[in-house]
Each structure stands twice: as structure tokens, then as C-alpha cells.
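S.K.: Compact mmCIF, C-alpha atoms and all ligand atoms, saved as protein37.txt, coming up:
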# COMPACT_ATOMS: atom_id res chain seq x y z
CA MET A 25 17.29 8.81 21.53
CA THR A 26 15.13 5.67 21.60
CA LEU A 27 15.17 3.24 18.71
CA ILE A 28 11.66 2.13 17.77
CA ASP A 29 12.19 -1.58 17.23
CA GLY A 30 9.65 -2.72 14.65
CA LYS A 31 11.22 -6.15 14.34
CA ALA A 32 10.84 -6.97 18.04
CA THR A 33 7.33 -5.46 18.17
CA ALA A 34 6.31 -7.52 15.14
CA THR A 35 7.68 -10.68 16.76
CA THR A 36 5.59 -9.98 19.89
CA ILE A 37 2.42 -9.33 17.86
CA LYS A 38 2.91 -12.45 15.68
CA ALA A 39 3.22 -14.53 18.85
CA GLU A 40 -0.04 -12.96 20.12
CA ILE A 41 -1.72 -13.80 16.79
CA LYS A 42 -0.46 -17.39 16.87
CA GLN A 43 -1.81 -17.86 20.40
CA GLU A 44 -5.22 -16.69 19.28
CA VAL A 45 -5.15 -18.90 16.17
CA GLU A 46 -4.29 -21.98 18.22
CA ARG A 47 -7.15 -21.14 20.61
CA ILE A 48 -9.55 -20.89 17.65
CA VAL A 49 -8.34 -24.16 16.13
CA ALA A 50 -8.47 -25.97 19.50
CA ALA A 51 -12.09 -24.83 19.82
CA GLY A 52 -12.89 -26.45 16.45
CA GLY A 53 -12.55 -23.29 14.35
CA LYS A 54 -10.86 -22.87 11.00
CA ARG A 55 -7.20 -21.98 10.58
CA PRO A 56 -6.93 -18.57 8.80
CA HIS A 57 -5.87 -18.90 5.17
CA LEU A 58 -4.16 -16.09 3.23
CA ALA A 59 -3.53 -16.28 -0.52
CA ALA A 60 -1.16 -14.10 -2.53
CA ILE A 61 -1.00 -13.54 -6.26
CA LEU A 62 2.47 -12.71 -7.60
CA VAL A 63 2.89 -11.71 -11.24
CA GLY A 64 6.38 -11.72 -12.80
CA HIS A 65 9.77 -11.77 -11.09
CA ASP A 66 10.39 -8.31 -9.59
CA GLY A 67 13.10 -8.72 -6.93
CA GLY A 68 11.38 -6.56 -4.31
CA SER A 69 8.01 -8.25 -4.82
CA GLU A 70 9.60 -11.72 -4.59
CA THR A 71 11.13 -10.76 -1.23
CA TYR A 72 7.89 -9.24 0.10
CA VAL A 73 5.82 -12.27 -0.87
CA ALA A 74 8.37 -14.73 0.56
CA ASN A 75 8.29 -12.75 3.83
CA LYS A 76 4.48 -12.87 3.85
CA VAL A 77 4.48 -16.65 3.39
CA ARG A 78 6.99 -16.99 6.25
CA ALA A 79 4.90 -14.72 8.49
CA CYS A 80 1.87 -16.94 7.82
CA GLU A 81 3.82 -19.95 9.11
CA GLU A 82 4.88 -17.98 12.21
CA CYS A 83 1.24 -17.06 12.91
CA GLY A 84 -0.10 -20.58 12.37
CA PHE A 85 -1.95 -19.58 9.17
CA ARG A 86 -2.28 -21.54 5.97
CA SER A 87 -0.94 -19.73 2.92
CA THR A 88 -1.27 -20.22 -0.82
CA LEU A 89 0.98 -18.52 -3.36
CA LEU A 90 -0.32 -18.23 -6.93
CA ARG A 91 2.43 -17.28 -9.40
CA PHE A 92 1.92 -16.08 -12.95
CA GLU A 93 4.30 -14.95 -15.70
CA ASP A 94 4.23 -11.27 -16.59
CA ASP A 95 2.53 -11.95 -19.92
CA ILE A 96 -0.71 -12.92 -18.12
CA THR A 97 -3.60 -10.88 -19.56
CA GLU A 98 -5.73 -8.60 -17.43
CA ALA A 99 -8.76 -10.80 -18.16
CA GLU A 100 -6.90 -13.92 -16.98
CA LEU A 101 -5.77 -12.17 -13.81
CA LEU A 102 -9.30 -10.92 -13.11
CA GLY A 103 -10.46 -14.54 -13.53
CA GLN A 104 -7.98 -15.62 -10.85
CA VAL A 105 -9.24 -12.87 -8.54
CA ASP A 106 -12.81 -14.09 -9.08
CA ARG A 107 -11.75 -17.62 -8.24
CA LEU A 108 -10.27 -16.50 -4.90
CA ASN A 109 -13.33 -14.32 -4.21
CA ALA A 110 -15.54 -17.41 -4.59
CA ASP A 111 -13.31 -19.85 -2.67
CA PRO A 112 -14.79 -20.27 0.83
CA ASP A 113 -11.51 -21.70 2.09
CA ILE A 114 -9.64 -18.42 1.43
CA ASP A 115 -10.25 -15.81 4.15
CA GLY A 116 -8.27 -13.03 2.54
CA PHE A 117 -5.87 -12.43 -0.33
CA ILE A 118 -3.55 -9.88 -1.83
CA VAL A 119 -2.35 -9.14 -5.34
CA GLN A 120 1.26 -8.04 -5.00
CA LEU A 121 1.95 -4.67 -6.63
CA PRO A 122 3.33 -3.38 -8.92
CA LEU A 123 1.70 -5.24 -11.79
CA PRO A 124 3.03 -5.27 -15.39
CA ARG A 125 2.18 -2.10 -17.33
CA HIS A 126 -0.45 -3.75 -19.56
CA ILE A 127 -2.63 -4.50 -16.51
CA ALA A 128 -4.68 -1.71 -14.90
CA GLU A 129 -3.99 -2.03 -11.17
CA GLN A 130 -7.21 -0.26 -10.28
CA HIS A 131 -9.29 -2.80 -12.25
CA VAL A 132 -7.67 -5.58 -10.25
CA ILE A 133 -8.02 -3.84 -6.88
CA GLU A 134 -11.71 -3.13 -7.50
CA ALA A 135 -12.32 -6.75 -8.57
CA ILE A 136 -11.25 -8.05 -5.14
CA ASP A 137 -14.19 -8.80 -2.82
CA TYR A 138 -13.83 -6.01 -0.20
CA ARG A 139 -14.56 -8.58 2.53
CA LYS A 140 -11.34 -10.43 1.55
CA ASP A 141 -9.29 -7.28 0.80
CA VAL A 142 -6.75 -7.67 3.60
CA ASP A 143 -4.48 -5.06 1.93
CA GLY A 144 -7.25 -2.50 2.49
CA PHE A 145 -6.85 -1.11 -1.04
CA HIS A 146 -10.48 -1.48 -2.25
CA PRO A 147 -12.37 1.84 -2.42
CA ILE A 148 -14.99 0.47 0.00
CA ASN A 149 -12.33 -0.15 2.64
CA VAL A 150 -10.57 3.15 1.89
CA GLY A 151 -13.86 5.05 2.16
CA ARG A 152 -15.03 3.29 5.30
CA MET A 153 -11.65 3.92 6.98
CA ALA A 154 -11.87 7.61 6.00
CA ILE A 155 -15.19 8.04 7.80
CA GLY A 156 -14.13 6.01 10.82
CA LEU A 157 -16.11 2.81 10.13
CA PRO A 158 -14.65 -0.67 10.73
CA ALA A 159 -12.62 -1.64 7.66
CA PHE A 160 -9.44 -3.32 6.50
CA ILE A 161 -6.73 -0.67 6.84
CA SER A 162 -3.66 -0.60 4.64
CA ALA A 163 -0.95 -2.47 6.51
CA THR A 164 1.86 0.11 6.51
CA PRO A 165 -0.13 3.00 8.04
CA LYS A 166 -1.78 0.57 10.44
CA GLY A 167 1.65 -0.72 11.51
CA ILE A 168 2.95 2.82 12.05
CA LEU A 169 -0.05 3.64 14.24
CA GLU A 170 0.60 0.48 16.26
CA LEU A 171 4.27 1.46 16.75
CA LEU A 172 3.28 4.97 17.89
CA ARG A 173 0.84 3.42 20.38
CA ARG A 174 3.21 0.76 21.72
CA TYR A 175 6.02 3.34 22.11
CA HIS A 176 3.66 5.80 23.86
CA VAL A 177 4.27 8.59 21.36
CA GLN A 178 2.15 11.62 22.28
CA THR A 179 -0.01 12.16 19.19
CA SER A 180 -2.86 14.24 20.64
CA GLY A 181 -2.37 17.82 19.53
CA ALA A 182 1.02 16.98 18.00
CA LYS A 183 2.01 18.45 14.65
CA CYS A 184 2.55 15.53 12.29
CA VAL A 185 4.14 16.07 8.88
CA ILE A 186 3.70 13.29 6.34
CA LEU A 187 6.04 13.25 3.35
CA GLY A 188 4.34 11.55 0.40
CA ARG A 189 0.74 11.27 -0.81
CA SER A 190 0.55 7.69 -2.10
CA ASN A 191 -2.70 5.73 -1.89
CA ILE A 192 -0.93 3.00 0.10
CA VAL A 193 0.84 5.12 2.74
CA GLY A 194 0.63 8.93 2.66
CA LYS A 195 -3.11 9.41 2.14
CA PRO A 196 -4.39 6.75 4.57
CA MET A 197 -1.73 7.77 7.11
CA SER A 198 -2.98 11.36 7.04
CA GLN A 199 -6.53 10.22 7.75
CA LEU A 200 -5.51 7.89 10.56
CA MET A 201 -3.36 10.53 12.27
CA MET A 202 -6.23 13.02 12.36
CA GLN A 203 -8.91 10.54 13.47
CA LYS A 204 -10.51 10.82 16.92
CA GLY A 205 -8.34 9.18 19.56
CA VAL A 206 -5.11 9.90 17.63
CA ASP A 207 -5.85 13.63 17.30
CA ALA A 208 -2.74 14.91 15.54
CA THR A 209 -2.68 18.08 13.44
CA VAL A 210 -1.67 16.78 10.04
CA THR A 211 0.24 18.34 7.14
CA VAL A 212 0.91 16.35 3.97
CA CYS A 213 3.90 17.42 1.85
CA HIS A 214 4.79 16.10 -1.61
CA SER A 215 7.02 16.79 -4.60
CA ARG A 216 5.30 20.13 -5.35
CA SER A 217 5.26 21.45 -1.78
CA LYS A 218 7.04 24.80 -1.49
CA THR A 219 7.41 24.83 2.29
CA LEU A 220 8.42 21.20 2.88
CA LYS A 221 11.58 22.01 4.87
CA GLU A 222 9.83 24.57 7.06
CA GLU A 223 6.93 22.19 7.72
CA CYS A 224 9.37 19.44 8.72
CA ARG A 225 11.30 21.76 11.03
CA ALA A 226 8.08 22.56 12.91
CA ALA A 227 6.95 18.91 13.18
CA ASP A 228 6.70 16.88 16.38
CA ILE A 229 6.31 13.72 14.27
CA ILE A 230 7.68 13.21 10.75
CA ILE A 231 6.50 10.23 8.70
CA ALA A 232 8.64 9.94 5.56
CA ALA A 233 7.19 7.88 2.71
CA ILE A 234 8.57 9.29 -0.55
CA GLY A 235 11.09 6.67 -1.67
CA GLN A 236 13.98 9.16 -1.86
CA PRO A 237 17.04 7.71 -0.12
CA ALA A 238 18.27 9.82 2.84
CA PHE A 239 16.04 12.77 1.86
CA VAL A 240 15.34 13.93 5.43
CA LYS A 241 18.48 15.68 6.72
CA ALA A 242 19.40 16.97 10.16
CA ASP A 243 18.55 20.59 9.26
CA MET A 244 14.93 19.53 8.58
CA VAL A 245 14.33 18.06 12.03
CA LYS A 246 13.34 19.77 15.28
CA PRO A 247 15.32 18.44 18.27
CA GLY A 248 13.13 15.93 20.14
CA ALA A 249 10.98 15.03 17.12
CA VAL A 250 9.74 11.47 16.51
CA ILE A 251 10.89 10.13 13.12
CA ILE A 252 9.14 7.32 11.25
CA ASP A 253 10.97 6.15 8.12
CA VAL A 254 8.89 4.21 5.57
CA GLY A 255 11.49 4.27 2.77
CA THR A 256 13.09 1.02 1.60
CA THR A 257 15.06 1.87 -1.53
CA ARG A 258 17.62 -0.66 -2.73
CA VAL A 259 20.93 1.20 -3.17
CA PRO A 260 24.07 -0.46 -4.61
CA ASP A 261 26.51 -1.66 -1.92
CA ALA A 262 29.54 -3.67 -3.04
CA THR A 263 30.25 -4.79 0.55
CA ARG A 264 27.04 -6.84 0.63
CA LYS A 265 26.65 -10.31 -0.83
CA SER A 266 23.37 -9.22 -2.43
CA GLY A 267 25.09 -6.17 -3.98
CA PHE A 268 22.62 -3.77 -2.37
CA ARG A 269 21.37 -2.49 0.95
CA LEU A 270 18.05 -0.96 1.99
CA GLN A 271 18.16 2.80 2.48
CA GLY A 272 15.36 4.71 4.18
CA ASP A 273 14.05 8.18 3.35
CA VAL A 274 15.89 9.53 6.41
CA ASP A 275 19.62 10.26 6.75
CA PHE A 276 19.68 8.08 9.88
CA GLN A 277 23.25 8.82 11.02
CA ALA A 278 22.66 12.57 10.98
CA VAL A 279 19.06 12.63 12.21
CA ALA A 280 19.08 9.95 14.95
CA PRO A 281 21.08 12.05 17.49
CA LEU A 282 18.43 14.82 17.23
CA ALA A 283 15.36 12.59 17.43
CA SER A 284 13.62 11.54 20.63
CA GLN A 285 12.51 8.31 18.93
CA ILE A 286 13.31 6.95 15.45
CA THR A 287 12.64 3.84 13.37
CA PRO A 288 15.64 2.16 11.69
CA VAL A 289 15.70 0.78 8.12
CA PRO A 290 15.60 -2.17 8.00
CA GLY A 291 13.90 -3.34 11.20
CA GLY A 292 11.46 -0.47 11.70
CA VAL A 293 8.26 -0.07 9.72
CA GLY A 294 8.85 -2.99 7.30
CA PRO A 295 8.33 -5.91 9.74
CA MET A 296 5.23 -4.15 11.12
CA THR A 297 3.65 -3.95 7.67
CA ILE A 298 3.73 -7.72 7.23
CA CYS A 299 2.55 -8.25 10.79
CA MET A 300 -0.49 -5.98 10.21
CA LEU A 301 -1.34 -7.99 7.09
CA MET A 302 -1.47 -11.02 9.38
CA GLN A 303 -3.72 -9.11 11.80
CA ASN A 304 -6.03 -8.18 8.91
CA THR A 305 -6.14 -11.81 7.78
CA LEU A 306 -7.09 -12.96 11.28
CA ALA A 307 -9.82 -10.28 11.34
CA ALA A 308 -11.07 -11.54 7.95
CA ALA A 309 -11.19 -15.14 9.22
CA LYS A 310 -13.14 -13.97 12.29
CA HIS A 311 -15.49 -11.81 10.15
CA GLU A 312 -14.58 -8.93 12.43
CA TYR A 313 -15.53 -6.14 10.03
CA TYR A 314 -17.99 -7.84 7.63
CA ASP A 315 -20.41 -10.78 7.84
N1 LIG B 401 3.60 -3.48 -3.01
C1 LIG B 401 4.23 -2.67 -2.11
N2 LIG B 401 3.58 -2.69 -0.94
C2 LIG B 401 2.51 -3.51 -1.10
C3 LIG B 401 1.48 -3.94 -0.23
O1 LIG B 401 1.36 -3.54 0.93
N3 LIG B 401 0.58 -4.81 -0.76
C4 LIG B 401 0.65 -5.23 -2.03
N4 LIG B 401 -0.30 -6.06 -2.48
N5 LIG B 401 1.60 -4.87 -2.87
C5 LIG B 401 2.54 -4.01 -2.39
For this file, produce the structure as C-alpha cells.
M.R.:
Amino acid sequence: MTLIDGKATATTIKAEIKQEVERIVAAGGKRPHLAAILVGHDGGSETYVANKVRACEECGFRSTLLRFEDDITEAELLGQVDRLNADPDIDGFIVQLPLPRHIAEQHVIEAIDYRKDVDGFHPINVGRMAIGLPAFISATPKGILELLRRYHVQTSGAKCVILGRSNIVGKPMSQLMMQKGVDATVTVCHSRSKTLKEECRAADIIIAAIGQPAFVKADMVKPGAVIIDVGTTRVPDATRKSGFRLQGDVDFQAVAPLASQITPVPGGVGPMTICMLMQNTLAAAKHEYYD
């Protein structure tokens, strides 16, 4: 079994990004600048945003964090989005999700200028990605694809089962895995799937993104399969100072001995997600996809 080391891969890619940034700056170009909007005080979101700010420093980017209390109105938040859309100094920005219940996430996502939508959540980016046009691609699926490439996983003709149909991971992942050049045969399973176990048992690649701790058990995995674990649920753990640990969607102890390659949690997909956000921000600063 080979461990797919997302942390080390992300470190390598961030160093590559920083090299390119310093080349751009030395040639008189502008340092990429990522902004993030964080609403409220959700523990997970605080951690994600802090990690994004740190990754910006590692890549030689500028970063701006805009924080708002969770009683901000939708209109006020949309005003802040407009401000970032119009700010020529900001190359790309994200609005950290989830948002408080009184704010319609879709209104906010669609208010973001698609040319600055480094999360790849705007319908224009989602649609362009789906038909194979250059676009910002959601960072988690993009990071998984990069791991599969860098670890030489055979995707062409492989049977890939994706667990979960979210807009951020499951759906875009399914489209990326079937695109030309990746060429997997894709099955998407979700909470209503009747044949989920059987599908998993037949899979060469399983990508688990359902947020159910240790859901994928040994009896669902074909020996030699490649296992990608997107889950990061906080489960109580009295032995940790924080009081919790991160648990993936895969029962790692039981499944790892069967797998040919597997991502750990933490240290697998998570670091790659943030690293791909940095790659998208660099692409935005270079106007790689849009003028
Ligand atoms: N919440 C969970 N994942 C993400 C992400 O990739 N981007 C944003 N903006 N919010 C998230």
C-alpha cells in the first residue's frame, strides 16, 4: 500500500507557485492578491480561512481577510462582494461557506464576478468546466485530480465510484473524471443509492465525499483499489488538546491494507484543496482563463 501524501505534494506545489510569483514580481509584475470574506465564528471556517491566509504567505501572495458578524444582512454582504468585484487590486476572492441561514448562498455566489471566482462556484465557471472550456475549477476536485496525476494512478478506462453529489465536490469530480484525458467510467452514489456497496466493491477508484465518519469499510473495497478520502468530520477525542480529531469518510485502519494507494486524513486531500486555491489565484492574476 502506498500512502498518497497530500501534505508533501502541496508543499512542493506551493514552492513552485512561489518561484513563479517571485519571477513575475522581479519582472515588474504585480504580486497576486487573494481576499476572503468570513461571516461569523464557525470553528471549521475559522481554521480553513486561517490556513488560506498562511498559504498565501507561503506562496508570496498578498491576502486580505474581511470579517463580518453573523447578523450582517444579505444586502450588506452583496455590497461587500461588489466592492471586491470592482477593486482592481484584488485578483480573486472567496466567500467562506457556510453562511448564516438568513443569507441565500446562491445569491452571493452568483454576485461574484466569475473572473475573480477562484473557488469556481459561479455557474459560468461550473458550466464552462462541464463542457471542457478553460475555467476556475473547484479546488477540492482539482486537487484530487492533481494527486491522481502526480501519483500516476491509471484513470483511463478505470471504474471510478464517487460517493456524494455535492456542488463543491461530488458533481464537479464526476465531470472531471469522465473528461477527455482522464477517461474514467464514472458512477455517482448518494444517500438514496440502492447498490452503493456493490458499486464500491467493483470500483478501481473510490472517491468518498459524504461527510459520514468511517463510512467506507473493508467489505466495500476491492483489493488493489485506489482510495481518495475527502471527509473531514470533527469527532470528539478526549486525548487531544482541542477535544476533537478529524475523521475521514473511510475506515482507514481497515481499508488501508487492502488499497493499492490511499489518502490519509488529515494530510491527504485537505492540503491540496488550499494549494489549488492558490493555483487558481495565480491563474486569476495572470488572466489565464479570462481577459
Ligand atoms: N466551505 C467548505 N469548503 C469550502 C471551499 O472550498 N470554499 C469556500 N468558500 N467555502 C468552503
S.K.: Identify, counting all atoms listed in the file, the protein, DNA and RNA residues located within 6 Å of ligand LIG 401 (chain B), and give them as a list in words.
M.R.: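 Listed by chain and ascending number, the contacts are Ile118, Val119, Gln120, Leu121, Pro122 and Asp143 of chain A.
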S.K.: So what do you get for atom CA of A:Thr179 versus atom CA of A:Val250, distance-wise?
M.R.: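 Going from atom CA of A:Thr179 over to atom CA of A:Val250, I get 10.1 Å.
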S.K.: From the set A:Pro112, A:Cys299, A:Leu270, A:Ala249, which residue has the shortest atom-to-atom contact distance to A:Arg78, counting only C-alpha atoms?
M.R.: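 Of A:Pro112, A:Cys299, A:Leu270, A:Ala249, the one nearest A:Arg78, counting only C-alpha atoms, is A:Cys299.
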S.K.: Give me the residues within 8 Å of A:Cys83 as a list in words, counting all atoms listed in the file and dropping any in the same chain fewer than 5 places off.
M.R.: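 Answer for this query is Lys38, Ala39, Ile41, Lys42, Val45 and Met302 of chain A.
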S.K.: Enclose stretch 161-169 of chain A, meaning all of its atoms listed in the file, in a box aligned along x, y and z, pad it by 6 Å on each side, and list the centre and edge lengths in Å to one decimal, as JSON.
M.R.:
{"center_x": -1.9, "center_y": 0.6, "center_z": 9.4, "size_x": 21.7, "size_y": 18.1, "size_z": 21.6}
S.K.: Of the candidates A:Ile252, A:Val73, A:Phe268, A:Arg86, which shows the shortest atom-to-atom distance to A:Tyr175, using all atoms listed in the file?
M.R.: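 When distances to A:Tyr175 are compared using all atoms listed in the file, the smallest one comes from A:Ile252.
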S.K.: Which neighbours of stretch 90-104 of chain A fall inside 9 Å, counting all atoms listed in the file, when residues of the same chain fewer than 6 positions from it are skipped, and could you give them as number ranges by chain?
M.R.: A: 59-65, 123-124, 126-128, 131-132, 135-136
S.K.: So, with all atoms listed in the file as the atoms that count, which of A:Arg225, A:Val193, A:Asp106, A:Gly67 lies closest to A:Ser266?
M.R.: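 The shortest atom-to-atom distance to A:Ser266 comes from A:Gly67.
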S.K.: So what do you get for atom CA of A:Asn304 versus atom CA of A:Gly291, distance-wise?
M.R.: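 These atoms are spaced 20.6 Å apart.
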